[in-house]
Amino acid sequence: MKKTVLFILLLFYSFNITFSQGKPYVILISLDGFRWDYLDRNITPNINKIINSGVRAISLRSCFPTKTFPNHQSIITGMYIDHHGIIGNNFQDPYSYKFYMMRDTASLRDPSWYLGEAFWQTAERQGIKTASYFWPGSEIHLKYRRPSYYEEYYHFRPNKERINQVIKWLQLPQKDRPHFITLYFSVVDDSSHVYGPNSPQTNLAIQIADSAVGLLEKKLNDIGMQDSVNVIIVSDHGMTEISSERVIDVGKILNGYKCQLWEDGPIMLVYPQNDNLRKVYEVLKKNENHYKTYYKSEMPEYYHYSENPFISPIILIADMGWSLVRKREIWIIKDKGNHGYDNNALEMQGIFVASGPAFKKNYKTGTLWNIDIYPLLCKIFNIVPRSNIDGKLERIEFVLK
């Protein structure tokens with residue numbers, strides 16, 4: 001009897017190890033602000049190697065507004081921004097007066113803001129361990145909604161340290177090892193904002209990001225896993241040039257009207273007070289010059305930015321390269337690059353590059369949508385996606401073998 005029990009236990013253990021070894025590995029890398037055409041500057045040899053052995057899309061279509069936190073959530077949840085709830089990098093709940101702020105750790109970790117289910121939660125629920133070395137939403141204060149392993153965000157963490165930890169995770173015992181890992185680098189976005197997308201400094205930042213990808217590939221090879229790991233490289237948005245000469249002073253236009261104006265830049269949310277909604281709208285519409293004015297209810301459907309209750313009654317969208325500001329005299333535009341504009345414009349689109357056992361080789365395709373990455377991940381891992389996503393597998397699954 002004891003021998004029988006021991007045999008069954010050994011068989012069960014063997015089955016678990018085999019099943020674990022049979023699971024795919026995916027590393028999802030975000031290169032923040034890496035515009036679609038940065039790959040064509042002949043300064044990314046390491047990413048080019050991945051392209052040659054895998055898949056490249058001409059661009060990755062971001063969601064509107066083309067900002068960092070909203071689009072990282074769209075990538076990881078497969079949902080439009082007005083559905084997953086992170087409607088901007090900074091915004092307010094007009095009912096509770098709570099704030100979501102990208103530089104406020106407490107608000108970023110408050111799970112009540114996040115309406116979508118991140119892929120790591122979908123995977124963990126179906127028996128796949130996950131890890132995140134930085135990704136918006138990965139640090140929230142609900143254990144069952146986080147990856148098994150995660151790092152608290154620190155902007156200045158050296159790229160090498162990030163990569164080394166990923167490799168350490170992949171060397172854990174089989175039962176503890178994550179099979180899905182996110183990895184994030186901000187260097188390109190940082191430089192593109194300060195110096196502009198066409199600057200020598202941004203080219204250097206592109207090379208630094210490419211070197212990080214090369215180092216990861218080398219270390220995967222060192223541990224014998226380069227051929228078994230699927231590497232997917234994406235970006236959350238593109239970038240365009242801005243200047244202090246292209247500024248729209250919304251505060252001046254609305255002088256005398258009581259309004260709350262939220263955010264400066266490519267998009268502004270306008271919350272009129274004292275029941276003057278129609279008057280404020282008419283004033284903004286009359287003064288339209290290098291921007292568009294919309295009631296929330298009349299936002300073009302292609303933006304998918306009208307169904308969230310936190311979105312303001314009036315939305316302003318600047319023309320490409322122009323900046324909406326609340327008060328011109330106190331708002332000095334020092335940056336030379338920005339994003340957040342129309343997601344249909346090529347300048348706002350990012351990259352999609354992938355290679356590994358799940359992907360076709362030397363395959364080029366047109367524009368993909370970032371909300372379709374979530375169902376693609378579910379397909380790779382052969383797990384069931386959430387039923388309420390906006391992403392569609394049929395728009396992207398052709399990149400797989």
# chains A, B, ... in the order shown; residues from 1 in each chain; ligands from 1
$ residues_around --residues "A:Tyr195" --least-positions-apart "4" --cutoff "7 Å" --atoms "only C-alpha atoms" --output "PDB file with C-alpha atoms, in the first residue's frame"
ATOM      1  CA  SER A 191      14.530  62.144 -23.548  1.00  0.00           C
ATOM      2  CA  SER A 199      17.104  65.260 -31.266  1.00  0.00           C
ATOM      3  CA  GLN A 201      19.697  63.021 -27.249  1.00  0.00           C
ATOM      4  CA  THR A 202      16.646  60.977 -28.210  1.00  0.00           C
ATOM      5  CA  ASP A 335       9.720  70.429 -23.098  1.00  0.00           C
ATOM      6  CA  LYS A 336      10.162  69.958 -26.825  1.00  0.00           C
ATOM      7  CA  GLY A 337       8.090  66.807 -27.199  1.00  0.00           C
TER       8      GLY A 337
END
$ closest_atom_pairs --of "stretch 265-353 of chain A" --to "stretch 224-236 of chain A" --cutoff "7 Å" --atoms "only C-alpha atoms" --output "tab-separated table"
residue	atom	partner	partner_atom	distance
A:Gly350	CA	A:Ser235	CA	5.0
A:Ile351	CA	A:Val234	CA	5.1
A:Phe352	CA	A:Val234	CA	4.7
A:Val353	CA	A:Ile233	CA	5.0
$ atom_distance --atom1 "atom CA of A:Asn274" --atom2 "atom CA of A:Asp93"
18.4 Å
$ residues_around --residues "stretch 249-260 of chain A" --least-positions-apart "2" --cutoff "6 Å" --atoms "only C-alpha atoms" --output "JSON, numbers by chain"
{"A": [270, 271, 272, 273, 325, 326, 327, 328]}
$ write_last_selection --atoms "N, CA and C atoms" --output "compact mmCIF listing (two decimals), in the first residue's frame"
# COMPACT_ATOMS: atom_id res chain seq x y z
N VAL A 270 -12.91 69.81 -19.10
CA VAL A 270 -13.55 71.04 -18.62
C VAL A 270 -14.80 70.69 -17.84
N TYR A 271 -14.83 71.11 -16.57
CA TYR A 271 -15.97 70.87 -15.69
C TYR A 271 -16.62 72.22 -15.35
N PRO A 272 -17.61 72.67 -16.13
CA PRO A 272 -18.27 73.95 -15.82
C PRO A 272 -19.03 73.86 -14.50
N GLN A 273 -19.09 74.98 -13.81
CA GLN A 273 -19.82 75.06 -12.54
C GLN A 273 -20.94 76.11 -12.64
N VAL A 325 -3.47 75.16 -22.30
CA VAL A 325 -2.97 75.49 -20.97
C VAL A 325 -4.04 76.22 -20.18
N ARG A 326 -3.96 76.07 -18.86
CA ARG A 326 -4.96 76.70 -17.99
C ARG A 326 -4.67 78.17 -17.75
N LYS A 327 -3.39 78.53 -17.76
CA LYS A 327 -3.01 79.92 -17.51
C LYS A 327 -1.67 80.16 -18.19
N ARG A 328 -1.69 80.93 -19.24
CA ARG A 328 -0.50 81.10 -20.07
C ARG A 328 0.67 81.70 -19.30
$ residues_around --residues "A:Lys292" --least-positions-apart "3" --cutoff "10 Å" --atoms "only C-alpha atoms" --output "ChimeraX atom specification"
/A:267,284-285,287-289,315-319
$ write_last_selection --atoms "C-alpha atoms" --output "compact mmCIF listing (two decimals), in the first residue's frame"
# COMPACT_ATOMS: atom_id res chain seq x y z
CA ILE A 267 -6.27 67.23 -24.08
CA LEU A 284 -15.04 77.46 -26.41
CA LYS A 285 -16.65 76.54 -29.72
CA ASN A 287 -12.95 80.52 -30.13
CA GLU A 288 -11.83 77.26 -31.70
CA ASN A 289 -8.40 77.72 -33.22
CA ILE A 315 -13.48 67.82 -23.72
CA LEU A 316 -10.91 69.90 -25.62
CA ILE A 317 -8.49 68.23 -28.03
CA ALA A 318 -5.55 70.22 -29.40
CA ASP A 319 -4.23 69.93 -32.94
$ decode --residues "stretch 372-399 of chain A" --atoms "N, CA and C atoms" --output "CSV table (one decimal), in the first residue's frame"
chain,number,residue,atom,x,y,z
A,372,ASP,N,-5.5,44.5,-28.5
A,372,ASP,CA,-5.5,43.1,-28.9
A,372,ASP,C,-4.4,42.3,-28.3
A,373,ILE,N,-3.5,42.9,-27.6
A,373,ILE,CA,-2.4,42.2,-27.0
A,373,ILE,C,-2.8,41.2,-25.9
A,374,TYR,N,-3.8,41.7,-25.1
A,374,TYR,CA,-4.3,40.8,-24.0
A,374,TYR,C,-4.9,39.5,-24.6
A,375,PRO,N,-5.8,39.5,-25.6
A,375,PRO,CA,-6.3,38.2,-26.1
A,375,PRO,C,-5.2,37.4,-26.8
A,376,LEU,N,-4.2,38.1,-27.3
A,376,LEU,CA,-3.0,37.4,-27.9
A,376,LEU,C,-2.3,36.6,-26.8
A,377,LEU,N,-2.0,37.3,-25.7
A,377,LEU,CA,-1.4,36.6,-24.6
A,377,LEU,C,-2.2,35.4,-24.1
A,378,CYS,N,-3.5,35.5,-24.0
A,378,CYS,CA,-4.4,34.4,-23.6
A,378,CYS,C,-4.2,33.3,-24.6
A,379,LYS,N,-4.1,33.6,-25.9
A,379,LYS,CA,-4.0,32.5,-26.9
A,379,LYS,C,-2.7,31.8,-26.8
A,380,ILE,N,-1.6,32.6,-26.5
A,380,ILE,CA,-0.3,31.9,-26.4
A,380,ILE,C,-0.3,31.0,-25.2
A,381,PHE,N,-0.9,31.4,-24.1
A,381,PHE,CA,-0.9,30.5,-22.9
A,381,PHE,C,-2.1,29.6,-22.8
A,382,ASN,N,-3.0,29.6,-23.9
A,382,ASN,CA,-4.1,28.7,-24.0
A,382,ASN,C,-5.0,28.8,-22.7
A,383,ILE,N,-5.3,30.1,-22.3
A,383,ILE,CA,-6.2,30.3,-21.2
A,383,ILE,C,-7.4,31.1,-21.7
A,384,VAL,N,-8.4,31.2,-20.8
A,384,VAL,CA,-9.6,31.9,-21.2
A,384,VAL,C,-9.6,33.4,-20.8
A,385,PRO,N,-9.8,34.3,-21.8
A,385,PRO,CA,-9.8,35.7,-21.5
A,385,PRO,C,-11.1,36.2,-20.8
A,386,ARG,N,-11.0,37.3,-20.2
A,386,ARG,CA,-12.2,37.9,-19.7
A,386,ARG,C,-13.2,38.2,-20.8
A,387,SER,N,-14.5,38.1,-20.5
A,387,SER,CA,-15.5,38.3,-21.6
A,387,SER,C,-15.8,39.7,-21.9
A,388,ASN,N,-15.4,40.6,-21.1
A,388,ASN,CA,-15.8,42.0,-21.2
A,388,ASN,C,-14.7,42.9,-21.9
A,389,ILE,N,-13.7,42.3,-22.5
A,389,ILE,CA,-12.6,43.0,-23.1
A,389,ILE,C,-13.1,43.6,-24.5
A,390,ASP,N,-12.3,44.7,-24.9
A,390,ASP,CA,-12.6,45.3,-26.2
A,390,ASP,C,-11.7,44.7,-27.3
A,391,GLY,N,-10.6,44.1,-26.9
A,391,GLY,CA,-9.6,43.5,-27.8
A,391,GLY,C,-10.2,42.3,-28.6
A,392,LYS,N,-9.7,42.1,-29.8
A,392,LYS,CA,-10.2,41.0,-30.6
A,392,LYS,C,-9.0,40.2,-31.1
A,393,LEU,N,-9.1,38.9,-30.8
A,393,LEU,CA,-8.0,38.0,-31.2
A,393,LEU,C,-7.8,38.0,-32.7
A,394,GLU,N,-8.9,38.0,-33.5
A,394,GLU,CA,-8.9,37.9,-34.9
A,394,GLU,C,-8.1,39.0,-35.6
A,395,ARG,N,-7.9,40.1,-34.9
A,395,ARG,CA,-7.1,41.2,-35.5
A,395,ARG,C,-5.6,41.0,-35.4
A,396,ILE,N,-5.2,40.0,-34.6
A,396,ILE,CA,-3.8,39.9,-34.3
A,396,ILE,C,-3.2,38.5,-34.3
A,397,GLU,N,-4.1,37.5,-34.2
A,397,GLU,CA,-3.6,36.1,-34.0
A,397,GLU,C,-2.8,35.6,-35.2
A,398,PHE,N,-2.9,36.2,-36.4
A,398,PHE,CA,-2.1,35.8,-37.6
A,398,PHE,C,-0.6,36.0,-37.4
A,399,VAL,N,-0.2,36.7,-36.4
A,399,VAL,CA,1.3,36.8,-36.1
A,399,VAL,C,1.9,35.6,-35.5
